[in-house]
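> Quick one: this structure, given as structure tokens, is what I'll be asking you about.
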Amino acid sequence: MNMKKTICLLLFSLCWVTGIAQSVELIRIYTDKDCYLAGEELWVKVCLDDDAFPGNVMSRVAYVEICDTVQVRAQAKVALEQGVGWACIYLPSTMHSGIYQLTAYTRYMRNLKQNCFPRKNVAVLNTLGVSDEDNVVANDSVAFLKRTLELIPESKLMKGDKDTYGCREKVSLSWSSHLAEARELTLSVVRKDCDVKMTQPEIAFPESANVEHWVAECEGHIVTGRLEGNDLPEFVLTQLSCMGKEMKVFEGKNKGKGFYNFYTYGVNGQQDIVLSALNNEGKAYRLEIETPFVELLPQQVPTLYCQYEDSALISRSVALQLKNAMPKAVLPKGLEETIYGQLPSKTYNLDEYVRFNIVKECIAEFVMGITISKEGERTVIKMLQENNKGYNMFPVLVLIDGVAFYDHSEVLDYNAHDVHYIHQYRGNYTLGETVYGGILSLITHRGTMPDMRINSDMQMLSYEFPQDRPMFDMPDYDDEKRKMSRRPDFRHTMYWEPIVVGKTSTVFYTSDLEGVYVATLKGISAEGQKIEEKWEFEVK
């Protein structure tokens with residue numbers, strides 16, 4: 001009897017493991033609208049599910065591409081939280097008029113054939129000129145536009161507080177509690193100035209590609225680097241550091257054939273990164289970053305059929321040009337003192353001490369628990385162990401604005417007048433296969449390593465990490481002073497709220513762009529049914 005139970009248990013475990021191995025991640029795509037002008041921003045939301053275990057999503061990053069049959073026009077990496085994330089993608093002003101294919105996928109989905117990737121067609125109109133690549137049949141027809149607007153059925157589940165608003169006026173929108181119980185729901189409010197006709201691509205049934213196995217990005221974005229050159233050694237110490245006041249250092253994992261993976265986490269947006277690759281003898285190698293995108297081009301796209309109101313499209317184009325000419329506000333970035341979840345054991349604010357010329361003098365005068373010694377021809381910094389019985393046998397990981405330096409003498413000779421903080425982290429830290437006896441982190445006032453030269457064994461480049469839920473910029477005109485501001489507000493997408501689950505109402509303000517607007521709720525109900533509710537109003 002016990003043997004039968006054991007066999008049944010083994011068979012169940014095998015089936016369960018097989019189910020996990022064969023599970024497929026599924027993506028649903030939502031955009032703020034279907035038709036864009038070249039130069040506008042495209043807001044996209046990605047919802048991820050596991051078909052075998054719904055709600056148990058592995059991937060933390062999704063990739064979005066916008067392509068025509070010739071080339072990739074725009075790309076974005078999207079940070080996912082519990083399978084949901086969104087991004088704002090700038091559409092280049094050089095894009096021709098026509099239909100483009102928007103594709104979304106995860107790294108794990110690259111185990112499938114590429115025709116299984118979720119796709120959506122979007123329309124782009126270039127109002128600044130014509131191109132030989134244009135694939136559009138357009139017609140200025142005011143009568144057709146008004147007729148299509150009248151065909152929008154009145155929603156019984158969603159309603160605003162009135163049907164007509166002035167510019168910069170508050171709109172109160174509410175919907176039924178039944179919609180609030182949906183599994184996922186997205187709200188967009190867009191001006192209706194053109195009507196496009198296009199078919200959507202068919203997606204094939206998920207099928208294994210029978211190629212290299214791609215692991216899921218369970219913690220964050222995986223950056224892959226490839227060593228250049230021949231006769232590569234078996235061991236190369238590779239590191240990726242993000243420059244700035246937030247300390248992020250990652251050691252590469254050897255994947256064979258000169259490829260190294262950096263398993264990053266907690267890094268978002270555009271970052272200046274520093275790469276280094278050294279063998280045991282200190283010889284430097286160059287790392288070439290591999291693109292994480294598939295760059296999947298469609299074989300063909302349909303012709304775009306578009307009817308529009310001429311005056312409305314002109315005002316939209318002028319508003320876009322004014323918006324792009326306005327300076328954008330840059331929010332200050334706070335100081336992040338934690339590294340790998342640990343607070344510094346000791347922090348020195350050099351502005352509170354007598355200034356010395358170089359870092360070595362500062363360490364000698366008031367930084368406790370640090371010793372500087374020679375190991376052969378190398379100058380090595382070591383830190384006192386936490387039990388205070390002696391100095392750690394492992395050298396310290398030394399950082400300047402988050403960038404690791406193996407030649408400690410360079411750091412010791414650095415201009416101390418540029419340094420704001422010295423953070424000291426005691427204890428052993430394992431980075432990949434290397435153990436460090438503590439961390440000594442120097443943070444400059446500017447956070448950009450001023451006057452520090454990058455050695456020949458380092459590479460600095462700009463790299464875009466996943467977007468972490470960017471905020472839709474919507475002015476608040478709740479008082480008369482803000483309402484009378486002379487700063488123009490020409491939002492064509494008046495409002496975009498990617499997550500409205502659990503809510504039954506929202507508030508937003510109209511822009512300076514007059515016209516007819518359509519509020520659309522899209523998503524999936526708790527029962528798995530498609531939701532699409534619309535409500536129309538006018539701004540005068």
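Residue numbers start at 1 in each chain; chains themselves are named A, B, ... in the order of the structure tokens; ligands are numbered from 1 in the order shown.
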Give me, as a list of chain:residue names, all polymer residues having an atom no more than 10 Å from Glu202 (chain A), counting only C-alpha atoms and skipping those fewer than 3 positions away in the same chain.

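Once the nearby chain positions are removed, what remains is A:Asn115, A:Cys116, A:Pro118, A:Arg119, A:Lys120, A:Thr199, A:Phe205.
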
> Would you return as a ChimeraX atom specification the members of region 279-432 of chain A that DSSP assigns to helix (DSSP H, G or I) on this structure's backbone?

/A:310-325,350-352,359-366,408-412,416-418

> Which is closest to Thr94 (chain A) among A:Ser131, A:Gln82, A:Asn121, A:Thr164, if we use only C-alpha atoms?

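So, comparing all the options, the nearest one is A:Ser131.
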
> Closest to Lys503 (chain A) among A:Leu179, A:Met95, A:Val318, A:Ala209, using only C-alpha atoms?

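Distance minimum relative to Lys503 (chain A) lands on A:Leu179.
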
> Which residues are close to region 237-243 of chain A, i.e. within 6 Å by only C-alpha atoms, leaving aside same-chain residues fewer than 5 positions away? Reply as a PDB file with N, CA, C and O atoms, in the first residue's frame.


ATOM      1  N   LYS A 248      24.336  50.619  -7.179  1.00  0.00           N
ATOM      2  CA  LYS A 248      23.922  49.380  -7.818  1.00  0.00           C
ATOM      3  C   LYS A 248      25.114  48.784  -8.552  1.00  0.00           C
ATOM      4  O   LYS A 248      25.590  49.346  -9.541  1.00  0.00           O
ATOM      5  N   VAL A 249      25.616  47.649  -8.057  1.00  0.00           N
ATOM      6  CA  VAL A 249      26.744  46.957  -8.669  1.00  0.00           C
ATOM      7  C   VAL A 249      26.349  45.499  -8.858  1.00  0.00           C
ATOM      8  O   VAL A 249      25.815  44.861  -7.939  1.00  0.00           O
ATOM      9  N   PHE A 250      26.623  44.948 -10.054  1.00  0.00           N
ATOM     10  CA  PHE A 250      26.248  43.575 -10.365  1.00  0.00           C
ATOM     11  C   PHE A 250      27.417  42.874 -11.042  1.00  0.00           C
ATOM     12  O   PHE A 250      28.070  43.451 -11.920  1.00  0.00           O
ATOM     13  N   GLU A 251      27.657  41.641 -10.619  1.00  0.00           N
ATOM     14  CA  GLU A 251      28.724  40.847 -11.225  1.00  0.00           C
ATOM     15  C   GLU A 251      28.133  39.891 -12.245  1.00  0.00           C
ATOM     16  O   GLU A 251      27.059  39.308 -12.033  1.00  0.00           O
ATOM     17  N   GLY A 252      28.830  39.735 -13.377  1.00  0.00           N
ATOM     18  CA  GLY A 252      28.325  38.902 -14.461  1.00  0.00           C
ATOM     19  C   GLY A 252      28.459  37.418 -14.173  1.00  0.00           C
ATOM     20  O   GLY A 252      29.407  36.972 -13.531  1.00  0.00           O
ATOM     21  N   ASP A 272      23.502  55.823 -16.709  1.00  0.00           N
ATOM     22  CA  ASP A 272      24.885  55.735 -17.176  1.00  0.00           C
ATOM     23  C   ASP A 272      25.536  54.556 -16.464  1.00  0.00           C
ATOM     24  O   ASP A 272      25.583  54.520 -15.231  1.00  0.00           O
ATOM     25  N   ILE A 273      25.998  53.567 -17.229  1.00  0.00           N
ATOM     26  CA  ILE A 273      26.584  52.377 -16.635  1.00  0.00           C
ATOM     27  C   ILE A 273      28.062  52.294 -16.994  1.00  0.00           C
ATOM     28  O   ILE A 273      28.499  52.829 -18.012  1.00  0.00           O
ATOM     29  N   VAL A 274      28.812  51.620 -16.123  1.00  0.00           N
ATOM     30  CA  VAL A 274      30.237  51.381 -16.348  1.00  0.00           C
ATOM     31  C   VAL A 274      30.460  49.878 -16.337  1.00  0.00           C
ATOM     32  O   VAL A 274      30.047  49.184 -15.405  1.00  0.00           O
ATOM     33  N   LEU A 275      31.087  49.361 -17.393  1.00  0.00           N
ATOM     34  CA  LEU A 275      31.382  47.935 -17.530  1.00  0.00           C
ATOM     35  C   LEU A 275      32.876  47.705 -17.365  1.00  0.00           C
ATOM     36  O   LEU A 275      33.689  48.525 -17.808  1.00  0.00           O
ATOM     37  N   SER A 276      33.215  46.594 -16.747  1.00  0.00           N
ATOM     38  CA  SER A 276      34.624  46.204 -16.651  1.00  0.00           C
ATOM     39  C   SER A 276      34.725  44.693 -16.763  1.00  0.00           C
ATOM     40  O   SER A 276      33.823  43.963 -16.339  1.00  0.00           O
ATOM     41  N   ALA A 277      35.827  44.226 -17.360  1.00  0.00           N
ATOM     42  CA  ALA A 277      36.077  42.794 -17.531  1.00  0.00           C
ATOM     43  C   ALA A 277      37.578  42.569 -17.426  1.00  0.00           C
ATOM     44  O   ALA A 277      38.345  43.034 -18.266  1.00  0.00           O
ATOM     45  N   LEU A 278      38.007  41.858 -16.363  1.00  0.00           N
ATOM     46  CA  LEU A 278      39.428  41.630 -16.094  1.00  0.00           C
ATOM     47  C   LEU A 278      39.667  40.151 -15.836  1.00  0.00           C
ATOM     48  O   LEU A 278      38.868  39.493 -15.150  1.00  0.00           O
ATOM     49  N   ASP A 401      30.354  56.999  -6.519  1.00  0.00           N
ATOM     50  CA  ASP A 401      29.062  57.209  -7.181  1.00  0.00           C
ATOM     51  C   ASP A 401      28.549  55.932  -7.819  1.00  0.00           C
ATOM     52  O   ASP A 401      28.043  55.913  -8.956  1.00  0.00           O
ATOM     53  N   GLY A 402      28.706  54.822  -7.086  1.00  0.00           N
ATOM     54  CA  GLY A 402      28.169  53.549  -7.526  1.00  0.00           C
ATOM     55  C   GLY A 402      29.042  52.767  -8.469  1.00  0.00           C
ATOM     56  O   GLY A 402      28.714  51.634  -8.818  1.00  0.00           O
ATOM     57  N   VAL A 403      30.174  53.315  -8.902  1.00  0.00           N
ATOM     58  CA  VAL A 403      31.063  52.642  -9.855  1.00  0.00           C
ATOM     59  C   VAL A 403      32.212  51.993  -9.099  1.00  0.00           C
ATOM     60  O   VAL A 403      32.876  52.645  -8.280  1.00  0.00           O
TER      61      VAL A 403
END

> Residues within 8 Å of Leu185 (chain A), please, as a ChimeraX atom specification. Count only C-alpha atoms; anything in the same chain fewer than 6 positions from it doesn't count.

/A:498-501,521-524
